[in-house]
Each structure stands twice: as C-alpha cells, then as structure tokens.
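Asker: Sharing protein-v5.cif (mmCIF, N, CA and C atoms) below.
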```
data_work
loop_
_atom_site.label_atom_id
_atom_site.label_comp_id
_atom_site.auth_asym_id
_atom_site.auth_seq_id
_atom_site.Cartn_x
_atom_site.Cartn_y
_atom_site.Cartn_z
N MET C 12 0.84 -1.18 0.00
CA MET C 12 0.00 0.00 0.00
C MET C 12 0.88 1.24 0.00
N ASN C 13 0.43 2.28 -0.67
CA ASN C 13 1.17 3.52 -0.78
C ASN C 13 1.12 4.27 0.55
N LYS C 14 2.29 4.56 1.12
CA LYS C 14 2.36 5.27 2.39
C LYS C 14 2.10 6.76 2.23
N ASN C 15 2.36 7.29 1.04
CA ASN C 15 2.17 8.71 0.78
C ASN C 15 1.07 8.88 -0.28
N PRO C 16 -0.13 9.28 0.12
CA PRO C 16 -1.23 9.38 -0.83
C PRO C 16 -1.22 10.67 -1.66
N PHE C 17 -0.16 11.47 -1.57
CA PHE C 17 -0.11 12.76 -2.27
C PHE C 17 -0.31 12.59 -3.77
N LEU C 18 0.35 11.63 -4.37
CA LEU C 18 0.30 11.45 -5.81
C LEU C 18 -1.11 11.06 -6.26
N LEU C 19 -1.67 10.08 -5.64
CA LEU C 19 -3.02 9.63 -6.00
C LEU C 19 -4.05 10.72 -5.72
N LEU C 20 -3.91 11.41 -4.62
CA LEU C 20 -4.84 12.46 -4.26
C LEU C 20 -4.80 13.62 -5.25
N SER C 21 -3.61 14.02 -5.69
CA SER C 21 -3.50 15.15 -6.62
C SER C 21 -4.11 14.80 -7.97
N TYR C 22 -3.82 13.61 -8.50
CA TYR C 22 -4.39 13.22 -9.79
C TYR C 22 -5.91 13.06 -9.71
N THR C 23 -6.38 12.44 -8.65
CA THR C 23 -7.82 12.21 -8.50
C THR C 23 -8.59 13.51 -8.36
N THR C 24 -8.06 14.44 -7.58
CA THR C 24 -8.74 15.71 -7.36
C THR C 24 -8.89 16.50 -8.64
N VAL C 25 -7.80 16.65 -9.39
CA VAL C 25 -7.87 17.44 -10.62
C VAL C 25 -8.74 16.73 -11.66
N ALA C 26 -8.63 15.42 -11.77
CA ALA C 26 -9.47 14.68 -12.72
C ALA C 26 -10.95 14.82 -12.36
N PHE C 27 -11.28 14.74 -11.08
CA PHE C 27 -12.67 14.87 -10.65
C PHE C 27 -13.22 16.25 -10.98
N PHE C 28 -12.49 17.31 -10.63
CA PHE C 28 -12.98 18.65 -10.91
C PHE C 28 -13.04 18.94 -12.41
N SER C 29 -12.12 18.40 -13.17
CA SER C 29 -12.16 18.56 -14.62
C SER C 29 -13.39 17.88 -15.20
N PHE C 30 -13.70 16.71 -14.70
CA PHE C 30 -14.89 16.00 -15.16
C PHE C 30 -16.16 16.77 -14.81
N ILE C 31 -16.23 17.30 -13.60
CA ILE C 31 -17.41 18.07 -13.18
C ILE C 31 -17.56 19.33 -14.04
N ILE C 32 -16.46 20.02 -14.29
CA ILE C 32 -16.50 21.21 -15.15
C ILE C 32 -16.97 20.85 -16.55
N SER C 33 -16.49 19.73 -17.06
CA SER C 33 -16.90 19.29 -18.40
C SER C 33 -18.39 18.99 -18.45
N VAL C 34 -18.90 18.30 -17.46
CA VAL C 34 -20.33 17.96 -17.43
C VAL C 34 -21.18 19.23 -17.33
N VAL C 35 -20.79 20.14 -16.46
CA VAL C 35 -21.56 21.38 -16.30
C VAL C 35 -21.52 22.22 -17.58
N ALA C 36 -20.35 22.31 -18.20
CA ALA C 36 -20.23 23.07 -19.44
C ALA C 36 -21.06 22.44 -20.56
N PHE C 37 -21.06 21.13 -20.64
CA PHE C 37 -21.84 20.44 -21.66
C PHE C 37 -23.34 20.64 -21.42
N MET C 38 -23.76 20.55 -20.16
CA MET C 38 -25.17 20.73 -19.85
C MET C 38 -25.63 22.17 -20.08
N ALA C 39 -24.71 23.12 -19.97
CA ALA C 39 -25.04 24.52 -20.21
C ALA C 39 -25.00 24.88 -21.69
N GLY C 40 -24.68 23.92 -22.54
CA GLY C 40 -24.66 24.17 -23.97
C GLY C 40 -23.32 24.61 -24.52
N HIS C 41 -22.28 24.51 -23.74
CA HIS C 41 -20.94 24.89 -24.18
C HIS C 41 -20.10 23.64 -24.41
N SER C 42 -20.43 22.92 -25.47
CA SER C 42 -19.72 21.67 -25.72
C SER C 42 -18.25 21.89 -26.07
N ASP C 43 -17.91 23.05 -26.63
CA ASP C 43 -16.51 23.33 -26.92
C ASP C 43 -15.69 23.48 -25.64
N MET C 44 -16.28 24.09 -24.61
CA MET C 44 -15.56 24.22 -23.34
C MET C 44 -15.46 22.87 -22.62
N ALA C 45 -16.46 22.03 -22.79
CA ALA C 45 -16.37 20.68 -22.23
C ALA C 45 -15.25 19.91 -22.91
N SER C 46 -15.11 20.08 -24.21
CA SER C 46 -14.03 19.42 -24.93
C SER C 46 -12.67 19.98 -24.54
N VAL C 47 -12.60 21.28 -24.31
CA VAL C 47 -11.35 21.89 -23.84
C VAL C 47 -10.95 21.28 -22.51
N SER C 48 -11.90 21.12 -21.63
CA SER C 48 -11.60 20.56 -20.32
C SER C 48 -11.16 19.10 -20.42
N LEU C 49 -11.85 18.34 -21.23
CA LEU C 49 -11.49 16.92 -21.35
C LEU C 49 -10.17 16.72 -22.06
N LEU C 50 -9.99 17.38 -23.21
CA LEU C 50 -8.76 17.18 -23.97
C LEU C 50 -7.59 17.96 -23.39
N GLY C 51 -7.85 19.12 -22.84
CA GLY C 51 -6.78 19.96 -22.33
C GLY C 51 -6.33 19.64 -20.91
N ILE C 52 -7.16 18.91 -20.18
CA ILE C 52 -6.80 18.59 -18.79
C ILE C 52 -6.67 17.08 -18.59
N MET C 53 -7.65 16.33 -19.05
CA MET C 53 -7.63 14.89 -18.79
C MET C 53 -6.51 14.16 -19.53
N CYS C 54 -6.26 14.51 -20.78
CA CYS C 54 -5.18 13.84 -21.53
C CYS C 54 -3.80 14.09 -20.92
N PRO C 55 -3.45 15.32 -20.55
CA PRO C 55 -2.17 15.51 -19.86
C PRO C 55 -2.08 14.81 -18.52
N ILE C 56 -3.20 14.70 -17.81
CA ILE C 56 -3.19 13.99 -16.53
C ILE C 56 -2.88 12.52 -16.74
N ILE C 57 -3.51 11.93 -17.74
CA ILE C 57 -3.26 10.51 -18.03
C ILE C 57 -1.81 10.29 -18.44
N PHE C 58 -1.27 11.18 -19.27
CA PHE C 58 0.13 11.07 -19.69
C PHE C 58 1.06 11.21 -18.50
N SER C 59 0.77 12.13 -17.62
CA SER C 59 1.60 12.34 -16.44
C SER C 59 1.52 11.15 -15.49
N ALA C 60 0.34 10.57 -15.37
CA ALA C 60 0.18 9.39 -14.50
C ALA C 60 1.00 8.22 -15.04
N PHE C 61 1.00 8.03 -16.35
CA PHE C 61 1.82 6.96 -16.94
C PHE C 61 3.31 7.22 -16.68
N ASN C 62 3.70 8.49 -16.72
CA ASN C 62 5.09 8.83 -16.44
C ASN C 62 5.46 8.49 -14.99
N CYS C 63 4.56 8.75 -14.06
CA CYS C 63 4.83 8.41 -12.65
C CYS C 63 4.88 6.90 -12.45
N VAL C 64 4.05 6.15 -13.17
CA VAL C 64 4.10 4.69 -13.08
C VAL C 64 5.45 4.19 -13.59
N ALA C 65 5.91 4.76 -14.70
CA ALA C 65 7.22 4.37 -15.24
C ALA C 65 8.34 4.72 -14.27
N MET C 66 8.24 5.88 -13.63
CA MET C 66 9.26 6.25 -12.64
C MET C 66 9.24 5.29 -11.46
N SER C 67 8.08 4.85 -11.06
CA SER C 67 7.99 3.89 -9.96
C SER C 67 8.64 2.57 -10.32
N GLN C 68 8.52 2.16 -11.57
CA GLN C 68 9.13 0.91 -12.01
C GLN C 68 10.65 1.02 -12.09
N LEU C 69 11.15 2.22 -12.33
CA LEU C 69 12.60 2.42 -12.50
C LEU C 69 13.29 2.88 -11.22
N LYS C 70 12.59 2.92 -10.11
CA LYS C 70 13.16 3.50 -8.90
C LYS C 70 14.35 2.71 -8.34
N SER C 71 14.48 1.45 -8.69
CA SER C 71 15.60 0.67 -8.16
C SER C 71 16.92 1.02 -8.84
N ASP C 72 16.86 1.51 -10.08
CA ASP C 72 18.07 1.89 -10.81
C ASP C 72 18.06 3.42 -10.99
N LYS C 73 18.81 4.10 -10.16
CA LYS C 73 18.80 5.57 -10.14
C LYS C 73 19.26 6.18 -11.46
N LEU C 74 20.20 5.53 -12.15
CA LEU C 74 20.68 6.06 -13.42
C LEU C 74 19.60 6.00 -14.49
N LYS C 75 18.86 4.90 -14.53
CA LYS C 75 17.75 4.78 -15.49
C LYS C 75 16.64 5.77 -15.15
N LEU C 76 16.40 5.98 -13.86
CA LEU C 76 15.38 6.93 -13.43
C LEU C 76 15.77 8.35 -13.85
N LEU C 77 17.03 8.69 -13.69
CA LEU C 77 17.51 10.01 -14.12
C LEU C 77 17.37 10.16 -15.63
N GLY C 78 17.74 9.12 -16.38
CA GLY C 78 17.61 9.16 -17.84
C GLY C 78 16.16 9.28 -18.27
N TRP C 79 15.28 8.57 -17.58
CA TRP C 79 13.85 8.66 -17.90
C TRP C 79 13.33 10.07 -17.65
N ASN C 80 13.75 10.70 -16.57
CA ASN C 80 13.32 12.07 -16.28
C ASN C 80 13.79 13.04 -17.34
N MET C 81 15.02 12.87 -17.81
CA MET C 81 15.53 13.76 -18.86
C MET C 81 14.81 13.51 -20.18
N ALA C 82 14.59 12.26 -20.54
CA ALA C 82 13.87 11.95 -21.77
C ALA C 82 12.40 12.36 -21.67
N GLY C 83 11.86 12.34 -20.45
CA GLY C 83 10.47 12.72 -20.26
C GLY C 83 10.18 14.14 -20.69
N PHE C 84 11.16 15.02 -20.55
CA PHE C 84 10.98 16.40 -21.01
C PHE C 84 10.72 16.44 -22.51
N LEU C 85 11.47 15.66 -23.27
CA LEU C 85 11.26 15.61 -24.72
C LEU C 85 9.93 14.97 -25.05
N PHE C 86 9.58 13.88 -24.36
CA PHE C 86 8.30 13.22 -24.61
C PHE C 86 7.14 14.16 -24.34
N LYS C 87 7.23 14.89 -23.22
CA LYS C 87 6.15 15.82 -22.86
C LYS C 87 6.03 16.95 -23.87
N SER C 88 7.16 17.45 -24.35
CA SER C 88 7.14 18.54 -25.32
C SER C 88 6.46 18.11 -26.62
N VAL C 89 6.83 16.93 -27.11
CA VAL C 89 6.23 16.43 -28.34
C VAL C 89 4.74 16.14 -28.12
N TYR C 90 4.41 15.57 -26.98
CA TYR C 90 3.01 15.27 -26.67
C TYR C 90 2.19 16.54 -26.57
N MET C 91 2.76 17.58 -25.98
CA MET C 91 2.05 18.85 -25.85
C MET C 91 1.81 19.48 -27.22
N LEU C 92 2.80 19.42 -28.10
CA LEU C 92 2.63 19.92 -29.46
C LEU C 92 1.57 19.12 -30.21
N PHE C 93 1.58 17.80 -30.03
CA PHE C 93 0.58 16.95 -30.68
C PHE C 93 -0.82 17.28 -30.18
N LEU C 94 -0.99 17.44 -28.87
CA LEU C 94 -2.31 17.78 -28.33
C LEU C 94 -2.78 19.16 -28.81
N THR C 95 -1.86 20.09 -28.92
CA THR C 95 -2.21 21.42 -29.42
C THR C 95 -2.69 21.34 -30.86
N TYR C 96 -1.97 20.60 -31.68
CA TYR C 96 -2.39 20.41 -33.08
C TYR C 96 -3.74 19.71 -33.14
N LEU C 97 -3.90 18.67 -32.35
CA LEU C 97 -5.14 17.90 -32.35
C LEU C 97 -6.33 18.76 -31.93
N GLY C 98 -6.16 19.51 -30.86
CA GLY C 98 -7.26 20.32 -30.35
C GLY C 98 -7.64 21.48 -31.25
N ILE C 99 -6.64 22.18 -31.78
CA ILE C 99 -6.93 23.38 -32.55
C ILE C 99 -7.24 23.06 -34.01
N SER C 100 -6.42 22.22 -34.65
CA SER C 100 -6.60 21.96 -36.07
C SER C 100 -7.66 20.89 -36.35
N VAL C 101 -7.66 19.85 -35.58
CA VAL C 101 -8.57 18.74 -35.86
C VAL C 101 -9.94 18.97 -35.24
N PHE C 102 -9.98 19.26 -33.93
CA PHE C 102 -11.26 19.42 -33.24
C PHE C 102 -11.80 20.84 -33.25
N GLN C 103 -11.03 21.81 -33.79
CA GLN C 103 -11.46 23.20 -33.93
C GLN C 103 -11.87 23.82 -32.59
N LEU C 104 -11.10 23.55 -31.53
CA LEU C 104 -11.39 24.12 -30.22
C LEU C 104 -10.89 25.55 -30.16
N PRO C 105 -11.47 26.38 -29.29
CA PRO C 105 -10.99 27.76 -29.16
C PRO C 105 -9.55 27.76 -28.63
N ALA C 106 -8.69 28.48 -29.33
CA ALA C 106 -7.24 28.38 -29.07
C ALA C 106 -6.83 28.89 -27.69
N ASN C 107 -7.29 30.05 -27.29
CA ASN C 107 -6.82 30.64 -26.04
C ASN C 107 -7.13 29.79 -24.81
N PRO C 108 -8.38 29.39 -24.58
CA PRO C 108 -8.62 28.57 -23.38
C PRO C 108 -8.00 27.18 -23.48
N PHE C 109 -7.91 26.64 -24.69
CA PHE C 109 -7.34 25.31 -24.84
C PHE C 109 -5.85 25.30 -24.53
N ILE C 110 -5.11 26.24 -25.10
CA ILE C 110 -3.67 26.32 -24.85
C ILE C 110 -3.40 26.66 -23.38
N ALA C 111 -4.21 27.53 -22.80
CA ALA C 111 -4.04 27.87 -21.38
C ALA C 111 -4.28 26.65 -20.50
N SER C 112 -5.29 25.85 -20.81
CA SER C 112 -5.56 24.67 -19.99
C SER C 112 -4.46 23.62 -20.12
N ILE C 113 -3.95 23.42 -21.33
CA ILE C 113 -2.86 22.46 -21.52
C ILE C 113 -1.61 22.92 -20.77
N CYS C 114 -1.25 24.18 -20.93
CA CYS C 114 -0.03 24.69 -20.29
C CYS C 114 -0.14 24.65 -18.77
N LEU C 115 -1.27 25.06 -18.23
CA LEU C 115 -1.45 25.06 -16.78
C LEU C 115 -1.42 23.63 -16.23
N THR C 116 -2.06 22.71 -16.92
CA THR C 116 -2.06 21.32 -16.47
C THR C 116 -0.66 20.73 -16.52
N PHE C 117 0.07 20.98 -17.61
CA PHE C 117 1.42 20.45 -17.69
C PHE C 117 2.34 21.05 -16.64
N ILE C 118 2.20 22.33 -16.35
CA ILE C 118 3.05 22.96 -15.33
C ILE C 118 2.75 22.37 -13.95
N ILE C 119 1.47 22.24 -13.62
CA ILE C 119 1.10 21.69 -12.32
C ILE C 119 1.62 20.27 -12.16
N PHE C 120 1.37 19.43 -13.16
CA PHE C 120 1.75 18.03 -13.00
C PHE C 120 3.23 17.79 -13.27
N HIS C 121 3.90 18.74 -13.90
CA HIS C 121 5.35 18.65 -13.99
C HIS C 121 5.94 18.79 -12.59
N HIS C 122 5.38 19.70 -11.80
CA HIS C 122 5.85 19.86 -10.43
C HIS C 122 5.49 18.65 -9.57
N VAL C 123 4.32 18.09 -9.77
CA VAL C 123 3.95 16.87 -9.04
C VAL C 123 4.94 15.75 -9.35
N GLU C 124 5.26 15.58 -10.63
CA GLU C 124 6.22 14.55 -11.02
C GLU C 124 7.61 14.85 -10.47
N ALA C 125 7.98 16.12 -10.41
CA ALA C 125 9.29 16.48 -9.87
C ALA C 125 9.40 16.12 -8.39
N PHE C 126 8.38 16.45 -7.62
CA PHE C 126 8.41 16.10 -6.20
C PHE C 126 8.38 14.59 -6.01
N TYR C 127 7.61 13.90 -6.83
CA TYR C 127 7.55 12.44 -6.73
C TYR C 127 8.89 11.82 -7.13
N GLY C 128 9.49 12.33 -8.20
CA GLY C 128 10.80 11.83 -8.62
C GLY C 128 11.88 12.10 -7.58
N GLN C 129 11.81 13.25 -6.95
CA GLN C 129 12.77 13.57 -5.89
C GLN C 129 12.62 12.61 -4.72
N ARG C 130 11.39 12.27 -4.41
CA ARG C 130 11.16 11.30 -3.33
C ARG C 130 11.70 9.92 -3.71
N LEU C 131 11.57 9.56 -4.98
CA LEU C 131 12.11 8.27 -5.43
C LEU C 131 13.63 8.27 -5.40
N PHE C 132 14.24 9.40 -5.74
CA PHE C 132 15.71 9.49 -5.69
C PHE C 132 16.22 9.33 -4.27
N LYS C 133 15.50 9.88 -3.31
CA LYS C 133 15.92 9.80 -1.92
C LYS C 133 15.63 8.44 -1.28
N SER C 134 14.66 7.72 -1.85
CA SER C 134 14.30 6.42 -1.27
C SER C 134 15.38 5.38 -1.56
N GLU C 135 15.35 4.35 -0.80
CA GLU C 135 16.35 3.31 -0.96
C GLU C 135 15.92 2.25 -1.89
#
```
Can I see the file as structure tokens?
Answerer:
Amino acid sequence: MNKNPFLLLSYTTVAFFSFIISVVAFMAGHSDMASVSLLGIMCPIIFSAFNCVAMSQLKSDKLKLLGWNMAGFLFKSVYMLFLTYLGISVFQLPANPFIASICLTFIIFHHVEAFYGQRLFKSE
C-alpha cells in the first residue's frame, strides 16, 4: 500500500474537478468548453500518470530513473505539441482557453512529477 497518498490524491482531485466542469459546461450548452476541459486537462493527466508509473518501475536503478526524467521532457514537449495540433486543427477548439488549460495542467503536473521523482531518488 502507498504510504504517501499525495500522488493519488492530486491526480484524482484534478481529474474529478475537470470532469465536473466538463459535465456542467456540456449541460449549459458549451460543448466546446467541455471538450477543452477533457482534452486539455484529462489527456495531460493521463500522460503524467503513466510517467509516474514508469518512474515507480525504474526507482531501483537511479541512473535509469535520471535518464527517464531527462527523456520525459522531450516526450512531454512532443506530446504537448501533438495535443495542441489535435485540439486546434482537428477538433477546432478555441485556441486561447485550450492552450491555457494544456499549459497550466502540464506545469502543475510537472511539479507533481518532480516532487515524486525527488522522493524516489531519496528512497532506498
């Protein structure tokens, strides 16, 4: 069992509020804002959660964990560009709120991953 529920609590809280915002926006007739919330917040959360799972698997080898963290920056950058293209060009979402939601979500969860990675580096 996880002794520190910070990681699970942070992902669950943001995912829950994002889902509630999406439902309320959809019910109010703003389906584009519901899509912004789902694609701009939920997809980065899922990507970040997979990154934390990978870091947990690599925690026994500190060198591999360090390499994964460095490569993760490139993966996140490419993923963020792909989501931006997908949201704006393919789904025709409003650019300003969509880019703001993606950037804010990535910044928040980048810090969550950094604190979690630091804890893994310190652990035995």
Asker: Could you tell me how far atom C of Thr116 of chain C lies from atom CA of Leu50 of chain C, in Å and to one decimal?
Answerer: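 According to the coordinates, atom C of Thr116 of chain C and atom CA of Leu50 of chain C are separated by 11.6 Å.
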Asker: Could you check which residues have any atom within 7 Å of (-5.5, 19.9, -18.1), counting only C-alpha atoms with coordinates taken straight from the file, and then list them as an mmCIF file with N, CA and C atoms, in the frame of the given file?
Answerer:
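In the end it all went to result_5.cif:
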```
data_model
loop_
_atom_site.group_PDB
_atom_site.id
_atom_site.type_symbol
_atom_site.label_atom_id
_atom_site.label_comp_id
_atom_site.auth_asym_id
_atom_site.auth_seq_id
_atom_site.Cartn_x
_atom_site.Cartn_y
_atom_site.Cartn_z
ATOM 1 N N SER C 48 -11.900 21.120 -21.630
ATOM 2 C CA SER C 48 -11.600 20.560 -20.320
ATOM 3 C C SER C 48 -11.160 19.100 -20.420
ATOM 4 N N GLY C 51 -7.850 19.120 -22.840
ATOM 5 C CA GLY C 51 -6.780 19.960 -22.330
ATOM 6 C C GLY C 51 -6.330 19.640 -20.910
ATOM 7 N N ILE C 52 -7.160 18.910 -20.180
ATOM 8 C CA ILE C 52 -6.800 18.590 -18.790
ATOM 9 C C ILE C 52 -6.670 17.080 -18.590
ATOM 10 N N MET C 53 -7.650 16.330 -19.050
ATOM 11 C CA MET C 53 -7.630 14.890 -18.790
ATOM 12 C C MET C 53 -6.510 14.160 -19.530
ATOM 13 N N CYS C 54 -6.260 14.510 -20.780
ATOM 14 C CA CYS C 54 -5.180 13.840 -21.530
ATOM 15 C C CYS C 54 -3.800 14.090 -20.920
ATOM 16 N N PRO C 55 -3.450 15.320 -20.550
ATOM 17 C CA PRO C 55 -2.170 15.510 -19.860
ATOM 18 C C PRO C 55 -2.080 14.810 -18.520
ATOM 19 N N ILE C 56 -3.200 14.700 -17.810
ATOM 20 C CA ILE C 56 -3.190 13.990 -16.530
ATOM 21 C C ILE C 56 -2.880 12.520 -16.740
ATOM 22 N N SER C 112 -5.290 25.850 -20.810
ATOM 23 C CA SER C 112 -5.560 24.670 -19.990
ATOM 24 C C SER C 112 -4.460 23.620 -20.120
ATOM 25 N N ILE C 113 -3.950 23.420 -21.330
ATOM 26 C CA ILE C 113 -2.860 22.460 -21.520
ATOM 27 C C ILE C 113 -1.610 22.920 -20.770
ATOM 28 N N LEU C 115 -1.270 25.060 -18.230
ATOM 29 C CA LEU C 115 -1.450 25.060 -16.780
ATOM 30 C C LEU C 115 -1.420 23.630 -16.230
ATOM 31 N N THR C 116 -2.060 22.710 -16.920
ATOM 32 C CA THR C 116 -2.060 21.320 -16.470
ATOM 33 C C THR C 116 -0.660 20.730 -16.520
ATOM 34 N N PHE C 117 0.070 20.980 -17.610
ATOM 35 C CA PHE C 117 1.420 20.450 -17.690
ATOM 36 C C PHE C 117 2.340 21.050 -16.640
#
```
Asker: Report the distance between atom CA of Ala111 of chain C and atom CA of Phe27 of chain C in Å, rounded to one decimal place.
Answerer: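 Value for the atom CA of Ala111 of chain C-atom CA of Phe27 of chain C distance: 18.9 Å.
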Asker: Met66 of chain C: which residues within 12 Å, counting only C-alpha atoms, same-chain residues fewer than 3 positions away excluded, as a list in words?
Answerer: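 The filter keeps Ser59, Ala60, Phe61, Asn62, Cys63, Leu69, Lys70, Ser71, Asp72, Lys73, Leu74, Lys75, Leu76, Leu77, Gly78, Trp79, Asn80, Met81, Ala82, Gly83, Glu124, Ala125, Phe126, Tyr127, Gly128, Gln129, Arg130, Leu131 and Phe132 of chain C.
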Asker: Separation of atom N of Leu20 of chain C and atom N of Thr95 of chain C, in Å?
Answerer: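 According to the coordinates, atom N of Leu20 of chain C and atom N of Thr95 of chain C are separated by 25.9 Å.
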